[in-house]
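So this one's protein-v8.tsv, TSV, C-alpha atoms:
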chain	number	residue	atom	x	y	z
A	274	MET	CA	19.46	-21.37	7.37
A	275	PRO	CA	15.82	-20.37	7.88
A	276	ARG	CA	13.31	-22.64	6.20
A	277	ASP	CA	10.95	-21.15	3.63
A	278	LYS	CA	7.21	-20.88	4.12
A	279	THR	CA	6.44	-23.85	1.88
A	280	GLU	CA	8.58	-26.17	3.99
A	281	LEU	CA	7.03	-24.86	7.21
A	282	ASP	CA	3.53	-25.31	5.81
A	283	LEU	CA	4.35	-28.87	4.78
A	284	GLU	CA	5.64	-29.70	8.25
A	285	HIS	CA	2.53	-28.16	9.79
A	286	HIS	CA	0.34	-30.22	7.46
A	287	ARG	CA	2.17	-33.41	8.48
A	288	ALA	CA	1.70	-32.56	12.15
A	289	ILE	CA	-2.03	-32.00	11.63
A	290	GLU	CA	-2.41	-35.31	9.77
A	291	ILE	CA	-0.58	-37.15	12.57
A	292	LEU	CA	-2.84	-35.54	15.15
A	293	ARG	CA	-5.98	-36.35	13.14
A	294	GLY	CA	-4.95	-39.96	12.70
A	295	THR	CA	-6.46	-42.40	10.23
A	296	ASN	CA	-10.02	-43.56	9.84
A	297	GLY	CA	-8.72	-47.06	10.43
A	298	SER	CA	-7.37	-46.24	13.89
A	299	PHE	CA	-10.61	-44.47	14.77
A	300	GLY	CA	-12.69	-47.40	13.56
A	301	ALA	CA	-10.48	-49.88	15.43
A	302	SER	CA	-10.87	-47.91	18.65
A	303	VAL	CA	-14.66	-47.91	18.28
A	304	ILE	CA	-14.69	-51.66	17.56
A	305	ILE	CA	-12.48	-52.47	20.56
A	306	THR	CA	-14.69	-50.41	22.87
A	307	LEU	CA	-17.87	-52.05	21.58
A	308	ALA	CA	-16.27	-55.51	21.69
A	309	SER	CA	-15.28	-55.02	25.34
A	310	ALA	CA	-18.83	-53.97	26.19
A	311	ALA	CA	-20.27	-56.92	24.24
A	312	LEU	CA	-18.01	-59.36	26.07
A	313	ILE	CA	-19.14	-57.98	29.43
A	314	ILE	CA	-22.77	-58.45	28.41
A	315	LYS	CA	-22.04	-62.01	27.22
A	316	VAL	CA	-20.30	-62.97	30.46
A	317	LEU	CA	-23.07	-61.48	32.61
A	318	TYR	CA	-25.72	-63.27	30.54
A	319	GLY	CA	-23.84	-66.54	31.00
A	320	LEU	CA	-23.70	-65.98	34.75
A	321	VAL	CA	-27.45	-65.32	34.96
A	322	TYR	CA	-28.39	-68.15	32.57
A	323	PRO	CA	-25.63	-70.78	32.82
A	324	VAL	CA	-25.33	-73.41	30.10
A	325	ASP	CA	-25.21	-76.13	32.75
A	326	GLN	CA	-28.80	-76.33	33.93
A	327	LEU	CA	-27.65	-77.95	37.19
A	328	LYS	CA	-25.82	-74.77	38.20
A	329	ALA	CA	-27.71	-71.92	39.79
A	330	GLY	CA	-27.34	-68.59	38.01
A	331	ILE	CA	-26.71	-65.30	39.74
A	332	PRO	CA	-29.71	-63.01	40.38
A	333	PRO	CA	-30.46	-60.70	37.41
A	334	HIS	CA	-30.22	-57.63	39.64
A	335	ALA	CA	-26.58	-58.50	40.46
A	336	ALA	CA	-25.73	-58.58	36.76
A	337	LEU	CA	-27.61	-55.33	36.17
A	338	TYR	CA	-25.67	-53.73	39.04
A	339	VAL	CA	-22.38	-54.64	37.36
A	340	GLY	CA	-23.61	-53.47	33.97
A	341	GLN	CA	-24.89	-50.15	35.29
A	342	SER	CA	-21.63	-49.58	37.16
A	343	CYS	CA	-19.71	-50.17	33.92
A	344	VAL	CA	-21.89	-47.64	32.09
A	345	PHE	CA	-21.46	-45.13	34.91
A	346	LEU	CA	-17.68	-45.45	34.99
A	347	THR	CA	-17.40	-45.38	31.19
A	348	SER	CA	-19.34	-42.12	30.96
A	349	GLN	CA	-17.27	-40.57	33.74
A	350	THR	CA	-14.11	-41.69	31.94
A	351	PHE	CA	-15.11	-39.57	28.96
A	352	PHE	CA	-15.72	-36.56	31.23
A	353	GLN	CA	-12.39	-37.08	32.99
A	354	ALA	CA	-10.54	-37.45	29.69
A	355	LYS	CA	-12.07	-34.21	28.42
A	356	THR	CA	-11.21	-32.35	31.62
A	357	VAL	CA	-7.59	-33.53	31.54
A	358	ARG	CA	-7.26	-32.63	27.87
A	359	ASP	CA	-8.80	-29.18	28.41
A	360	GLY	CA	-6.27	-28.43	31.14
A	361	PHE	CA	-3.43	-29.75	28.99
A	362	THR	CA	-4.53	-27.61	26.01
A	363	ALA	CA	-4.87	-24.47	28.13
A	364	ALA	CA	-1.24	-24.83	29.27
A	365	LEU	CA	0.14	-25.12	25.73
A	366	PRO	CA	1.94	-22.25	24.00
A	367	ASN	CA	-0.24	-20.40	21.51
A	368	ALA	CA	-3.33	-21.85	23.14
A	369	PRO	CA	-6.50	-20.94	21.24
A	370	GLU	CA	-8.68	-18.12	22.48
A	371	GLY	CA	-11.02	-19.28	25.24
A	372	ALA	CA	-8.83	-22.24	26.27
A	373	GLN	CA	-8.57	-20.99	29.86
A	374	PHE	CA	-12.34	-20.74	30.06
A	375	VAL	CA	-12.82	-24.27	28.70
A	376	LYS	CA	-10.33	-25.56	31.26
A	377	GLY	CA	-12.93	-25.01	33.97
A	378	SER	CA	-12.56	-24.08	37.60
A	379	LEU	CA	-10.85	-26.06	40.33
A	380	ALA	CA	-14.27	-26.93	41.76
A	381	TRP	CA	-15.32	-28.43	38.41
A	382	GLN	CA	-12.12	-30.47	38.14
A	383	LEU	CA	-12.52	-31.78	41.69
A	384	GLY	CA	-16.14	-32.64	40.93
A	385	VAL	CA	-15.14	-34.69	37.88
A	386	VAL	CA	-12.43	-36.54	39.82
A	387	THR	CA	-14.88	-37.25	42.64
A	388	ALA	CA	-17.43	-38.63	40.19
A	389	VAL	CA	-14.81	-40.95	38.68
A	390	VAL	CA	-13.79	-42.22	42.12
A	391	VAL	CA	-17.42	-42.81	43.11
A	392	ALA	CA	-18.09	-44.66	39.83
A	393	LEU	CA	-14.99	-46.82	40.37
A	394	LEU	CA	-16.09	-47.67	43.92
A	395	PHE	CA	-19.52	-48.68	42.63
A	396	LEU	CA	-17.90	-50.94	40.05
A	397	LEU	CA	-15.56	-52.57	42.56
A	398	HIS	CA	-18.47	-53.09	44.95
A	399	SER	CA	-20.60	-54.68	42.22
A	400	LEU	CA	-17.79	-57.10	41.37
A	401	TYR	CA	-17.25	-57.90	45.04
A	402	MET	CA	-20.97	-58.64	45.42
A	403	LEU	CA	-20.64	-61.34	42.75
A	404	LEU	CA	-18.10	-63.16	44.91
A	405	ASP	CA	-20.34	-62.79	47.96
A	406	LEU	CA	-23.38	-64.45	46.36
A	407	PRO	CA	-24.61	-67.87	47.55
A	408	SER	CA	-24.18	-69.19	44.00
A	409	ALA	CA	-20.41	-68.79	43.78
A	410	VAL	CA	-19.00	-67.36	40.56
A	411	GLU	CA	-16.18	-69.44	39.13
A	412	PHE	CA	-12.73	-67.94	38.60
A	413	GLU	CA	-12.67	-68.04	34.78
A	414	PRO	CA	-15.80	-65.96	34.07
A	415	PHE	CA	-14.98	-63.59	36.93
A	416	PHE	CA	-11.46	-63.08	35.57
A	417	VAL	CA	-12.80	-62.43	32.06
A	418	LEU	CA	-15.37	-60.01	33.48
A	419	CYS	CA	-12.75	-58.01	35.38
A	420	LEU	CA	-10.41	-57.99	32.39
A	421	SER	CA	-13.16	-56.90	30.00
A	422	THR	CA	-14.16	-54.13	32.39
A	423	PHE	CA	-10.60	-52.82	32.52
A	424	PHE	CA	-10.29	-52.87	28.73
A	425	LEU	CA	-13.67	-51.14	28.37
A	426	ILE	CA	-12.49	-48.25	30.54
A	427	ALA	CA	-9.05	-48.10	28.88
A	428	SER	CA	-10.50	-48.24	25.37
A	429	SER	CA	-13.09	-45.59	26.28
A	430	ALA	CA	-10.30	-43.25	27.41
A	431	ASN	CA	-8.38	-43.99	24.21
A	432	LEU	CA	-11.49	-43.38	22.10
A	433	ALA	CA	-12.07	-40.07	23.89
A	434	LYS	CA	-8.50	-39.01	23.02
A	435	ILE	CA	-8.88	-39.99	19.37
A	436	VAL	CA	-12.16	-38.10	19.03
A	437	ARG	CA	-10.59	-35.04	20.67
A	438	ASP	CA	-7.48	-35.31	18.47
A	439	ARG	CA	-9.62	-35.28	15.34
A	440	SER	CA	-11.54	-32.27	16.60
A	441	ASP	CA	-8.37	-30.41	17.61
A	442	ALA	CA	-6.78	-31.14	14.23
A	443	THR	CA	-9.54	-29.14	12.56
A	444	LEU	CA	-9.14	-26.37	15.15
A	445	TRP	CA	-5.35	-26.03	14.78
A	446	GLU	CA	-5.17	-26.60	11.04
A	447	HIS	CA	-5.31	-22.90	10.15
A	448	VAL	CA	-3.53	-21.50	13.21
A	449	GLU	CA	-0.17	-20.02	12.25
A	450	ASP	CA	3.08	-20.88	14.08
A	451	SER	CA	1.41	-23.77	15.91
A	452	THR	CA	3.37	-26.78	14.61
A	453	GLU	CA	5.23	-27.36	17.87
A	454	THR	CA	1.97	-27.06	19.79
A	455	VAL	CA	0.33	-29.64	17.54
A	456	PHE	CA	3.20	-32.06	18.16
A	457	GLU	CA	2.67	-31.59	21.90
A	458	LEU	CA	-0.97	-32.58	21.41
A	459	VAL	CA	0.13	-35.63	19.45
A	460	LYS	CA	2.38	-36.68	22.32
A	461	GLY	CA	-0.51	-36.36	24.75
A	462	THR	CA	-0.50	-36.17	28.51
A	463	ASN	CA	1.52	-38.27	30.94
A	464	ALA	CA	-1.75	-39.88	32.07
A	465	ASN	CA	-2.38	-41.09	28.52
A	466	THR	CA	1.14	-42.51	28.28
A	467	LEU	CA	0.65	-44.42	31.53
A	468	LEU	CA	-2.70	-45.70	30.29
A	469	VAL	CA	-1.20	-47.01	27.05
A	470	PHE	CA	1.65	-48.83	28.78
A	471	GLY	CA	-0.67	-50.05	31.53
A	472	SER	CA	-3.13	-51.48	29.00
A	473	PHE	CA	-0.34	-53.15	27.05
A	474	THR	CA	1.15	-54.67	30.20
A	475	THR	CA	-2.26	-55.90	31.34
A	476	ALA	CA	-2.88	-57.45	27.92
A	477	LEU	CA	0.44	-59.33	28.11
A	478	MET	CA	-0.32	-60.51	31.65
A	479	SER	CA	-3.79	-61.70	30.60
A	480	ILE	CA	-2.28	-63.69	27.73
A	481	GLY	CA	0.22	-65.22	30.14
A	482	GLN	CA	-2.57	-66.08	32.56
A	483	SER	CA	-4.62	-67.68	29.78
A	484	VAL	CA	-1.68	-69.76	28.57
A	485	SER	CA	-0.86	-70.83	32.13
A	486	GLN	CA	-4.50	-71.78	32.74
A	487	SER	CA	-4.62	-73.80	29.53
A	488	VAL	CA	-1.41	-75.66	30.36
A	489	THR	CA	-2.67	-76.45	33.87
A	490	GLN	CA	-5.97	-77.79	32.55
A	491	SER	CA	-4.16	-79.90	29.95
A	492	HIS	CA	-1.95	-81.44	32.65
A	493	ASN	CA	-5.00	-82.17	34.79
A	494	ILE	CA	-6.72	-83.92	31.87
A	495	ILE	CA	-3.60	-86.00	31.15
A	496	ASP	CA	-3.24	-86.95	34.84
A	497	THR	CA	-6.86	-88.09	35.14
A	498	SER	CA	-6.83	-90.09	31.89

What would the structure in this file look like if it were written as structure tokens?
Amino acid sequence: MPRDKTELDLEHHRAIEILRGTNGSFGASVIITLASAALIIKVLYGLVYPVDQLKAGIPPHAALYVGQSCVFLTSQTFFQAKTVRDGFTAALPNAPEGAQFVKGSLAWQLGVVTAVVVALLFLLHSLYMLLDLPSAVEFEPFFVLCLSTFFLIASSANLAKIVRDRSDATLWEHVEDSTETVFELVKGTNANTLLVFGSFTTALMSIGQSVSQSVTQSHNIIDTS
């Protein structure tokens, strides 16, 4: 039995609200992104100015190199997320007018991917340079720095999706016969799904590593006492 217009409008409204998300999820995404960046700054500051005055800190330019690489990769992550989303939107049924134009050319897409790869190489090189310094960086702060960098990039990509979802919700709100399309936007791309599961897996592994490190240190303290 065909559903009446009121029922279809209600379903469309629910789809739009799911796509828009809550202010709480948006605020949490912003906080997580800022917290990851703040933790990177804290770790780098601690490496340049160690609490133990007997330890030599790393040169400030090495910390600035890591910080600038993080900023570079974060900005390129937003561009890449937008480019992927534009291509995904253009391929949807009932795509809005101009979606193919927003998708961009193949040259533009290759340029964005190249920029992301270059930014990632800069970041990896900056982290490698920390290990190659005369004043060796200990494992714990280096591990936290790498982990925070990963979460900064992952949370930036997630924030880019949330911002785009909220914008698209306004765009699709008054488009007729677009409920199925909106649900496709809610589901997101395969890349976003992999990012979510990858971030969750990494978070679990980091917790396991932290617990293992704590247990090992406790055993060492007991053995030496």

May I have the protein, DNA and RNA residues with any atom at most 10 Å from the point (-3.9, -32.9, 25.3), counting all atoms listed in the file, written as a PyMOL selection string? chain A and resi 354-365+434+437-438+441+454-455+457-465

Counting all atoms listed in the file, which residues have an atom no more than 12 Å from (-6.4, -21.0, 14.9) in the file's coordinates? Please list them as a PyMOL selection string. chain A and resi 367-372+441-452+454-455

Separation of atom CA of Gly300 of chain A from atom CA of Thr474 of chain A, in Å and rounded to one decimal: 22.8 Å

As an exercise, work out the distance from atom CA of Ile313 of chain A to atom CA of Cys343 of chain A in Å and give it to one decimal place.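 Atom-to-atom, atom CA of Ile313 of chain A and atom CA of Cys343 of chain A are spaced 9.0 Å apart.
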
Neighbour list for Ile314 of chain A as an MDAnalysis selection string, cut-off 10 Å, all atoms listed in the file, skip fewer than 3 positions in-chain: chainID A and resid 308:311 317:320 336:337 339:340 418 421

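Atom CA of Leu403 of chain A lies 23.5 Å from atom CA of Ala476 of chain A.
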
Identify which of the residues A:Phe456, A:Phe470, A:Phe299, A:Phe395 lies closest to Ala427 of chain A, counting all atoms listed in the file when measuring atom-to-atom distances. A:Phe470

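With all atoms listed in the file as the atoms that count, the residue of A:Gln373, A:Ser399, A:Gln341, A:Thr347 with the shortest distance to Leu432 of chain A is A:Thr347.
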
Mind checking which residues fall within 9 Å of Leu406 of chain A, counting all atoms listed in the file, ignoring those fewer than 6 positions away in the same chain, and posting them as a PDB file with C-alpha atoms, in the coordinates of the input?
ATOM      1  CA  ILE A 331     -26.710 -65.300  39.740  1.00  0.00           C
ATOM      2  CA  PRO A 332     -29.710 -63.010  40.380  1.00  0.00           C
ATOM      3  CA  ALA A 335     -26.580 -58.500  40.460  1.00  0.00           C
TER       4      ALA A 335
END

Could you add whatever atoms are missing so that segment 355-384 of chain A carries N, CA and C atoms, then write the result as a short mmCIF file (atom, residue, chain, number, x, y, z; two decimals), in the coordinates of the input?
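selection19.cif, freshly written:
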data_model
loop_
_atom_site.label_atom_id
_atom_site.label_comp_id
_atom_site.auth_asym_id
_atom_site.auth_seq_id
_atom_site.Cartn_x
_atom_site.Cartn_y
_atom_site.Cartn_z
N LYS A 355 -11.87 -35.56 28.95
CA LYS A 355 -12.07 -34.21 28.42
C LYS A 355 -11.48 -33.16 29.35
N THR A 356 -11.71 -33.33 30.65
CA THR A 356 -11.21 -32.35 31.62
C THR A 356 -9.69 -32.30 31.62
N VAL A 357 -9.05 -33.48 31.58
CA VAL A 357 -7.59 -33.53 31.54
C VAL A 357 -7.07 -32.89 30.27
N ARG A 358 -7.71 -33.19 29.15
CA ARG A 358 -7.26 -32.63 27.87
C ARG A 358 -7.46 -31.12 27.83
N ASP A 359 -8.56 -30.62 28.38
CA ASP A 359 -8.80 -29.18 28.41
C ASP A 359 -7.71 -28.47 29.20
N GLY A 360 -7.34 -29.03 30.34
CA GLY A 360 -6.27 -28.43 31.14
C GLY A 360 -4.93 -28.49 30.43
N PHE A 361 -4.68 -29.59 29.74
CA PHE A 361 -3.43 -29.75 28.99
C PHE A 361 -3.37 -28.74 27.84
N THR A 362 -4.48 -28.55 27.13
CA THR A 362 -4.53 -27.61 26.01
C THR A 362 -4.35 -26.17 26.48
N ALA A 363 -4.96 -25.84 27.62
CA ALA A 363 -4.87 -24.47 28.13
C ALA A 363 -3.44 -24.09 28.51
N ALA A 364 -2.62 -25.09 28.85
CA ALA A 364 -1.24 -24.83 29.27
C ALA A 364 -0.26 -24.79 28.10
N LEU A 365 -0.74 -25.08 26.89
CA LEU A 365 0.14 -25.12 25.73
C LEU A 365 0.49 -23.71 25.25
N PRO A 366 1.64 -23.55 24.62
CA PRO A 366 1.94 -22.25 24.00
C PRO A 366 1.01 -22.01 22.81
N ASN A 367 0.69 -20.76 22.59
CA ASN A 367 -0.24 -20.40 21.51
C ASN A 367 -1.60 -21.07 21.67
N ALA A 368 -2.03 -21.22 22.90
CA ALA A 368 -3.33 -21.85 23.14
C ALA A 368 -4.42 -21.02 22.48
N PRO A 369 -5.44 -21.69 21.93
CA PRO A 369 -6.50 -20.94 21.24
C PRO A 369 -7.28 -20.05 22.21
N GLU A 370 -7.90 -19.05 21.66
CA GLU A 370 -8.68 -18.12 22.48
C GLU A 370 -9.82 -18.86 23.18
N GLY A 371 -9.96 -18.62 24.47
CA GLY A 371 -11.02 -19.28 25.24
C GLY A 371 -10.58 -20.57 25.90
N ALA A 372 -9.30 -20.98 25.71
CA ALA A 372 -8.83 -22.24 26.27
C ALA A 372 -8.87 -22.23 27.80
N GLN A 373 -8.54 -21.09 28.40
CA GLN A 373 -8.57 -20.99 29.86
C GLN A 373 -9.98 -21.13 30.40
N PHE A 374 -10.94 -20.62 29.63
CA PHE A 374 -12.34 -20.74 30.06
C PHE A 374 -12.81 -22.19 29.96
N VAL A 375 -12.42 -22.87 28.88
CA VAL A 375 -12.82 -24.27 28.70
C VAL A 375 -12.19 -25.16 29.76
N LYS A 376 -11.02 -24.77 30.23
CA LYS A 376 -10.33 -25.56 31.26
C LYS A 376 -11.20 -25.79 32.47
N GLY A 377 -12.04 -24.85 32.83
CA GLY A 377 -12.93 -25.01 33.97
C GLY A 377 -12.26 -24.62 35.28
N SER A 378 -13.07 -24.48 36.28
CA SER A 378 -12.56 -24.08 37.60
C SER A 378 -12.02 -25.28 38.37
N LEU A 379 -11.36 -24.99 39.47
CA LEU A 379 -10.85 -26.06 40.33
C LEU A 379 -12.01 -26.88 40.90
N ALA A 380 -13.11 -26.22 41.22
CA ALA A 380 -14.27 -26.93 41.76
C ALA A 380 -14.81 -27.93 40.73
N TRP A 381 -14.86 -27.52 39.46
CA TRP A 381 -15.32 -28.43 38.41
C TRP A 381 -14.39 -29.63 38.28
N GLN A 382 -13.08 -29.39 38.28
CA GLN A 382 -12.12 -30.47 38.14
C GLN A 382 -12.21 -31.45 39.31
N LEU A 383 -12.36 -30.91 40.52
CA LEU A 383 -12.52 -31.78 41.69
C LEU A 383 -13.82 -32.57 41.60
N GLY A 384 -14.86 -31.94 41.08
CA GLY A 384 -16.14 -32.64 40.93
C GLY A 384 -16.04 -33.80 39.96
#
